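Peer 1: Below is the file start18.txt, with compact mmCIF, C-alpha atoms.
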# COMPACT_ATOMS: atom_id res chain seq x y z
CA MET A 1 4.93 292.91 89.35
CA GLY A 2 5.87 296.27 90.80
CA LEU A 3 7.11 299.40 89.09
CA ASP A 4 10.56 299.30 87.52
CA TYR A 5 13.23 300.54 89.96
CA GLY A 6 14.82 302.95 87.47
CA ARG A 7 11.44 304.40 86.56
CA MET A 8 10.55 304.91 90.23
CA LEU A 9 13.85 306.74 90.68
CA ASP A 10 13.04 309.05 87.75
CA LEU A 11 9.49 309.60 88.98
CA LEU A 12 10.65 310.52 92.48
CA GLY A 13 12.86 313.26 91.04
CA ILE A 14 10.03 314.54 88.87
CA GLU A 15 7.55 314.60 91.75
CA ALA A 16 10.01 316.57 93.88
CA GLN A 17 10.49 319.13 91.10
CA LEU A 18 6.72 319.53 90.71
CA LEU A 19 6.30 320.04 94.45
CA ILE A 20 9.06 322.64 94.67
CA ALA A 21 7.72 324.50 91.62
CA ALA A 22 4.30 324.73 93.27
CA THR A 23 5.77 326.59 96.27
CA HIS A 24 6.68 329.65 94.17
CA ASP A 25 4.48 332.54 95.36
CA ALA A 26 2.63 330.15 97.70
CA HIS A 27 1.73 331.08 101.27
CA PRO A 28 3.09 328.72 103.94
CA ASP A 29 -0.16 328.91 105.93
CA ALA A 30 -2.36 327.95 102.98
CA PRO A 31 -4.54 325.05 104.18
CA VAL A 32 -4.33 321.64 102.57
CA TRP A 33 -7.76 320.13 101.89
CA SER A 34 -7.12 316.59 102.99
CA ALA A 35 -7.26 314.24 105.93
CA SER A 36 -3.79 315.42 106.98
CA GLY A 37 -5.06 318.73 108.37
CA ARG A 38 -1.70 320.38 107.65
CA THR A 39 -0.84 323.67 106.02
CA LEU A 40 1.34 323.90 102.91
CA GLY A 41 4.43 324.74 104.96
CA GLN A 42 3.76 321.97 107.48
CA THR A 43 3.33 319.49 104.62
CA ILE A 44 6.75 320.28 103.17
CA ARG A 45 8.34 320.15 106.62
CA HIS A 46 6.72 316.75 107.22
CA LEU A 47 7.99 315.45 103.89
CA GLY A 48 11.48 316.64 104.79
CA ASP A 49 11.13 314.66 108.04
CA LEU A 50 10.21 311.58 106.01
CA CYS A 51 13.30 312.06 103.85
CA GLU A 52 15.53 312.25 106.91
CA ASP A 53 13.84 309.20 108.38
CA ALA A 54 14.38 307.18 105.19
CA LEU A 55 18.04 308.26 105.04
CA CYS A 56 18.47 307.04 108.61
CA TRP A 57 16.94 303.64 107.79
CA LEU A 58 19.23 303.43 104.77
CA GLY A 59 22.25 304.08 106.98
CA SER A 60 23.27 307.26 105.17
CA ALA A 61 26.09 309.26 106.76
CA GLU A 62 24.35 312.40 105.46
CA VAL A 63 21.97 312.52 108.43
CA GLU A 64 24.43 312.00 111.27
CA ARG A 65 23.41 315.55 112.15
CA PRO A 66 19.68 316.24 111.73
CA TRP A 67 18.82 319.50 109.96
CA GLU A 68 17.61 321.77 112.77
CA LEU A 69 14.85 324.17 111.78
CA PRO A 70 13.57 327.10 113.87
CA GLU A 71 10.17 326.76 115.53
CA ARG A 72 8.52 328.87 112.82
CA PRO A 73 10.75 328.52 109.76
CA GLU A 74 10.16 330.40 106.52
CA LEU A 75 8.84 328.46 103.54
CA ARG A 76 12.18 328.73 101.72
CA GLU A 77 13.92 327.07 104.69
CA VAL A 78 11.66 324.00 104.80
CA THR A 79 11.68 323.76 101.01
CA SER A 80 15.49 323.92 100.91
CA ARG A 81 15.74 321.23 103.56
CA PHE A 82 13.39 318.98 101.61
CA ALA A 83 15.28 319.58 98.34
CA VAL A 84 18.66 318.77 99.89
CA ARG A 85 17.43 315.66 101.72
CA LEU A 86 15.58 314.43 98.64
CA ALA A 87 18.74 314.89 96.57
CA GLY A 88 20.56 312.78 99.14
CA LEU A 89 17.94 310.08 98.84
CA LEU A 90 18.13 310.08 95.05
CA ALA A 91 21.92 309.67 95.27
CA GLU A 92 21.54 306.83 97.79
CA PHE A 93 18.95 305.02 95.67
CA GLY A 94 20.98 305.55 92.51
CA ALA A 95 24.09 304.02 94.06
CA ARG A 96 22.43 300.87 95.40
CA PRO A 97 20.70 297.95 93.65
CA PRO A 98 16.97 297.50 94.39
CA HIS A 99 17.46 294.24 96.30
CA ASP A 100 20.29 295.55 98.47
CA PRO A 101 19.40 294.50 102.06
CA CYS A 102 18.50 297.24 104.52
CA PRO A 103 16.20 297.57 107.55
CA THR A 104 12.57 298.59 107.05
CA TRP A 105 9.48 298.63 109.24
CA TRP A 106 7.50 296.30 106.94
CA PRO A 107 8.33 292.65 107.71
CA GLU A 108 7.63 291.46 104.16
CA GLN A 109 10.45 293.44 102.54
CA HIS A 110 13.86 294.44 103.88
CA GLU A 111 15.40 295.93 100.75
CA VAL A 112 16.29 299.35 99.40
CA ARG A 113 13.40 299.02 96.95
CA PHE A 114 10.94 299.36 99.85
CA TRP A 115 12.21 302.85 100.66
CA LEU A 116 12.23 304.05 97.06
CA ARG A 117 8.63 302.93 96.64
CA ARG A 118 7.64 304.43 100.00
CA MET A 119 9.22 307.80 99.24
CA LEU A 120 7.78 307.90 95.71
CA HIS A 121 4.24 307.54 97.03
CA ALA A 122 4.80 309.87 99.99
CA THR A 123 6.17 312.56 97.67
CA THR A 124 3.39 312.05 95.11
CA VAL A 125 0.60 312.39 97.68
CA HIS A 126 2.19 315.45 99.29
CA ARG A 127 2.91 316.99 95.89
CA VAL A 128 -0.84 316.82 95.32
CA ASP A 129 -1.34 318.48 98.71
CA VAL A 130 1.04 321.32 97.90
CA GLN A 131 -0.34 321.93 94.41
CA THR A 132 -3.88 321.98 95.79
CA ALA A 133 -3.01 324.38 98.62
CA ALA A 134 -1.06 326.64 96.26
CA GLY A 135 -3.94 326.79 93.77
CA VAL A 136 -1.80 325.16 91.08
CA GLU A 137 -3.35 322.77 88.57
CA ARG A 138 -2.82 319.24 89.83
CA THR A 139 -0.45 317.20 87.66
CA ALA A 140 -1.93 313.86 86.60
CA ILE A 141 -0.69 310.62 88.16
CA GLU A 142 0.01 307.86 85.67
CA PRO A 143 -2.45 304.94 86.00
CA ASP A 144 0.14 302.23 86.74
CA VAL A 145 1.81 304.45 89.35
CA ALA A 146 -1.54 305.06 91.01
CA ALA A 147 -2.37 301.33 90.91
CA ASP A 148 0.95 300.57 92.59
CA GLY A 149 0.09 303.20 95.18
CA VAL A 150 -3.24 301.50 95.87
CA ASP A 151 -1.40 298.22 96.34
CA GLU A 152 1.07 299.84 98.74
CA VAL A 153 -1.51 301.58 100.89
CA LEU A 154 -3.59 298.40 101.14
CA ARG A 155 -0.81 295.88 101.80
CA VAL A 156 1.66 297.99 103.80
CA TRP A 157 -0.63 300.34 105.71
CA PHE A 158 -4.03 298.64 105.93
CA GLY A 159 -2.71 295.07 105.95
CA TYR A 160 0.22 295.61 108.34
CA ARG A 161 0.36 299.04 109.96
CA LEU A 162 -3.04 298.72 111.64
CA HIS A 163 -1.88 295.49 113.28
CA ALA A 164 1.35 297.16 114.42
CA LEU A 165 -0.68 299.99 115.96
CA GLY A 166 -3.07 297.57 117.65
CA ILE A 167 -6.10 298.95 115.77
CA THR A 168 -8.92 296.63 114.71
CA ALA A 169 -12.29 297.04 113.03
CA SER A 170 -15.44 297.58 115.06
CA HIS A 171 -17.32 295.04 112.93
CA ALA A 172 -16.48 292.47 110.26
CA CYS A 173 -16.59 293.61 106.65
CA SER A 174 -15.11 292.86 103.24
CA VAL A 175 -14.52 295.31 100.40
CA GLY A 176 -13.44 294.64 96.84
CA VAL A 177 -11.17 297.28 95.35
CA HIS A 178 -10.61 297.53 91.62
CA VAL A 179 -8.82 299.77 89.16
CA ALA A 180 -7.95 298.98 85.55
CA GLY A 181 -6.12 295.66 85.50
CA ARG A 182 -5.78 295.29 89.28
CA ASN A 183 -8.11 293.87 91.95
CA TRP A 184 -7.85 293.39 95.69
CA LEU A 185 -10.07 291.97 98.41
CA VAL A 186 -9.69 293.52 101.85
CA THR A 187 -11.25 292.13 104.98
CA ALA A 188 -11.38 293.45 108.51
CA ASP A 189 -12.84 292.30 111.81
CA GLN A 190 -12.14 292.53 115.54
CA HIS A 191 -9.15 290.20 115.12
CA GLY A 192 -7.29 292.07 112.38
CA THR A 193 -7.13 292.89 108.67
CA ALA A 194 -6.10 291.04 105.53
CA VAL A 195 -5.48 291.93 101.89
CA VAL A 196 -5.31 289.55 98.95
CA GLY A 197 -5.06 290.11 95.22
CA SER A 198 -8.03 288.66 93.37
CA ASP A 199 -8.54 288.08 89.67
CA ASP A 200 -12.28 288.05 90.18
CA VAL A 201 -13.39 290.18 93.10
CA ALA A 202 -17.04 289.84 92.05
CA ALA A 203 -16.89 286.08 92.64
CA THR A 204 -16.07 286.64 96.32
CA THR A 205 -19.26 288.68 96.88
CA PRO A 206 -17.75 291.33 99.19
CA ASP A 207 -19.99 293.56 101.26
CA ALA A 208 -19.05 296.52 99.06
CA VAL A 209 -16.88 297.47 96.08
CA VAL A 210 -14.78 300.60 95.51
CA GLY A 211 -13.37 301.29 92.06
CA GLY A 212 -12.88 303.76 89.25
CA ASP A 213 -10.00 305.78 87.91
CA ALA A 214 -6.76 304.52 89.47
CA ALA A 215 -5.52 307.98 90.48
CA ALA A 216 -8.88 308.82 92.06
CA VAL A 217 -8.97 305.59 94.08
CA TYR A 218 -5.35 306.14 95.14
CA LEU A 219 -5.98 309.69 96.38
CA TRP A 220 -9.31 308.72 97.95
CA MET A 221 -7.57 306.07 100.04
CA TRP A 222 -5.11 308.69 101.28
CA GLY A 223 -8.00 310.96 102.24
CA ARG A 224 -7.34 313.45 99.44
CA LEU A 225 -10.59 313.06 97.50
CA PRO A 226 -14.23 312.70 98.60
CA ASN A 227 -16.43 309.67 98.05
CA ARG A 228 -17.95 311.16 94.90
CA ALA A 229 -14.55 310.87 93.18
CA VAL A 230 -14.77 307.06 93.15
CA GLU A 231 -17.39 304.46 92.28
CA ILE A 232 -18.97 302.83 95.33
CA SER A 233 -21.53 300.03 95.48
CA GLY A 234 -22.82 297.80 98.24
CA ASP A 235 -22.77 298.44 101.98
CA PRO A 236 -21.77 302.08 102.67
CA ASP A 237 -20.83 301.19 106.26
CA ALA A 238 -18.20 298.74 105.01
CA VAL A 239 -16.71 301.42 102.76
CA ALA A 240 -16.81 303.99 105.56
CA GLN A 241 -14.99 301.59 107.87
CA LEU A 242 -12.32 300.85 105.24
CA TRP A 243 -11.74 304.57 104.70
CA GLY A 244 -11.66 305.30 108.42
CA LEU A 245 -9.18 302.51 109.13
CA LEU A 246 -6.94 303.73 106.29
CA GLN A 247 -6.85 307.22 107.78
CA LEU A 248 -5.87 305.78 111.18
CA ALA A 249 -3.17 303.65 109.56
CA THR A 250 -1.64 306.46 107.52
CA ARG A 251 -1.90 309.50 109.81
Take the structure from the file and write it as structure tokens.
Peer 2:
Amino acid sequence: MGLDYGRMLDLLGIEAQLLIAATHDAHPDAPVWSASGRTLGQTIRHLGDLCEDALCWLGSAEVERPWELPERPELREVTSRFAVRLAGLLAEFGARPPHDPCPTWWPEQHEVRFWLRRMLHATTVHRVDVQTAAGVERTAIEPDVAADGVDEVLRVWFGYRLHALGITASHACSVGVHVAGRNWLVTADQHGTAVVGSDDVAATTPDAVVGGDAAAVYLWMWGRLPNRAVEISGDPDAVAQLWGLLQLATR
């Protein structure tokens, strides 16, 4: 059972407000400590690109003309573009039911709900980036939101995106992933990747297990926290391969 559609809509608006607030007095060239390698300004510009991309997939007339930015825009310009495009997304999501059909790039779901979930997690992760780069205290991520984010990054990115990119593992491995109330078993080999939910990951005897606080596991998978932020047991090479494949899938 995923997050409630109305709650995701509210959370997306809140995450956007937190991100914009963190840009006050921030320097656009402040580096983001994460696997993205972007600066604060580049992060917001990228998130604005994601908003425009989602609006295009949703068929919104708002993006018939892309918002052209100069080669080196000021921070207020990229922030304004993000705010306007995000507002357009919120209006689009608010006007359509969650199961309204629309194109997506994930073959398992072709509904508006896919894009709301995708943009919620993209905005949450990049809000963390911006707060970190700006030196602002990081706002906590609610455990069930983080658990849903773990599910999305595993099923959509690890389970599908790697295949779409033609990327496979260098050696076979299996990793159990667990946060409070949720468990997954991920496997990878030279032929592809797979993700299944498991009520008892321990019974499968994976090569390694990654777990801990849901928000920490979520941000670790997106390359935003180091290994010490999560609990790791078993084969470190299996965990390293999982993390490396996730960074290739999500870059």
Peer 1: Report, in Å with one decimal, the straight-line distance from atom CA of A:Trp106 to atom CA of A:Cys51.
Peer 2: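 Atom-to-atom, atom CA of A:Trp106 to atom CA of A:Cys51, that is 17.1 Å.
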Peer 1: Hey, what's within 8 Å of A:Glu15 if we count only C-alpha atoms and toss same-chain stuff fewer than 2 positions away? As a list in words, please?
Peer 2: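 Result of the neighbour search: Leu11, Leu12, Gly13, Gln17, Leu18, Leu19, Leu120, Thr123, Thr124 and Arg127 of chain A.
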Peer 1: I want to know what sits within 8 Å of stretch 82-93 of chain A, based on all atoms listed in the file, with residues of the same chain fewer than 6 positions away left out; could you give that as a PyMOL selection string?
Peer 2: chain A and resi 9+12-13+16+20+44-45+47-48+51-52+54-55+60+62+112+116
Peer 1: Which residue gives the smallest distance to A:Leu165 among A:Ala214, A:Ala249, A:Val32, A:Met8, with only C-alpha atoms counted?
Peer 2: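 So, comparing all the options, the nearest one is A:Ala249.
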Peer 1: Which neighbours of A:Glu71 fall inside 12 Å, counting only C-alpha atoms, when residues of the same chain fewer than 4 positions from it are skipped, and could you give them as a count of residues only?
Peer 2: 4
Peer 1: Work out how far apart atom CA of A:Asp29 and atom CA of A:Val217 are and give it in Å to one decimal.
Peer 2: 27.6 Å
Peer 1: Calculated over only C-alpha atoms, which of the candidates A:Gly6, A:Ile232, A:Ala169, A:Thr205 has the smallest distance to A:Pro97?
Peer 2: A:Gly6
Peer 1: Report the distance between atom CA of A:Ser170 and atom CA of A:Glu231 in Å, rounded to one decimal place.
Peer 2: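 Atom-to-atom, atom CA of A:Ser170 to atom CA of A:Glu231, that is 23.9 Å.
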Peer 1: Taking all atoms listed in the file into account, which of A:Ala140, A:Ala134, A:Leu69, A:Leu75 comes nearest A:Asp49?
Peer 2: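 Result for the nearest residue to A:Asp49: A:Leu69.
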Peer 1: Quick one: everything within 12 Å of A:Thr168, counting all atoms listed in the file, minus sequence neighbours fewer than 6 positions away in the same chain. Send it as a list in words.
Peer 2: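 So the residues in contact are Phe158, Gly159, Tyr160, Arg161, Leu162, Thr187, Ala188, Asp189, Gln190, His191, Gly192, Thr193, Ala194, Gln241, Leu242, Gly244, Leu245, Leu246, Leu248 and Ala249 of chain A.
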Peer 1: Looking at A:Leu40, A:Gly2, A:Trp222, A:Ala240, which one is nearest to A:Arg113, with distances taken over all atoms listed in the file?
Peer 2: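 The answer is A:Gly2, which sits nearest to A:Arg113.
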Peer 1: Neighbouring residues of A:Gly197 were defined as those with any atom within 10 Å, considering all atoms listed in the file; residues of the same chain fewer than 5 positions away were excluded. Please report them as an mmCIF file with C-alpha atoms, in the coordinates of the input.
Peer 2:
data_model
loop_
_atom_site.group_PDB
_atom_site.id
_atom_site.type_symbol
_atom_site.label_atom_id
_atom_site.label_comp_id
_atom_site.auth_asym_id
_atom_site.auth_seq_id
_atom_site.Cartn_x
_atom_site.Cartn_y
_atom_site.Cartn_z
ATOM 1 C CA ASP A 151 -1.400 298.220 96.340
ATOM 2 C CA ARG A 155 -0.810 295.880 101.800
ATOM 3 C CA GLY A 176 -13.440 294.640 96.840
ATOM 4 C CA VAL A 177 -11.170 297.280 95.350
ATOM 5 C CA HIS A 178 -10.610 297.530 91.620
ATOM 6 C CA ARG A 182 -5.780 295.290 89.280
ATOM 7 C CA ASN A 183 -8.110 293.870 91.950
ATOM 8 C CA TRP A 184 -7.850 293.390 95.690
ATOM 9 C CA LEU A 185 -10.070 291.970 98.410
ATOM 10 C CA VAL A 186 -9.690 293.520 101.850
#
Peer 1: Of the candidates A:His24, A:Arg228, A:His126, A:Arg7, which one gets nearest to A:Val145 if we count all atoms listed in the file?
Peer 2: A:Arg7
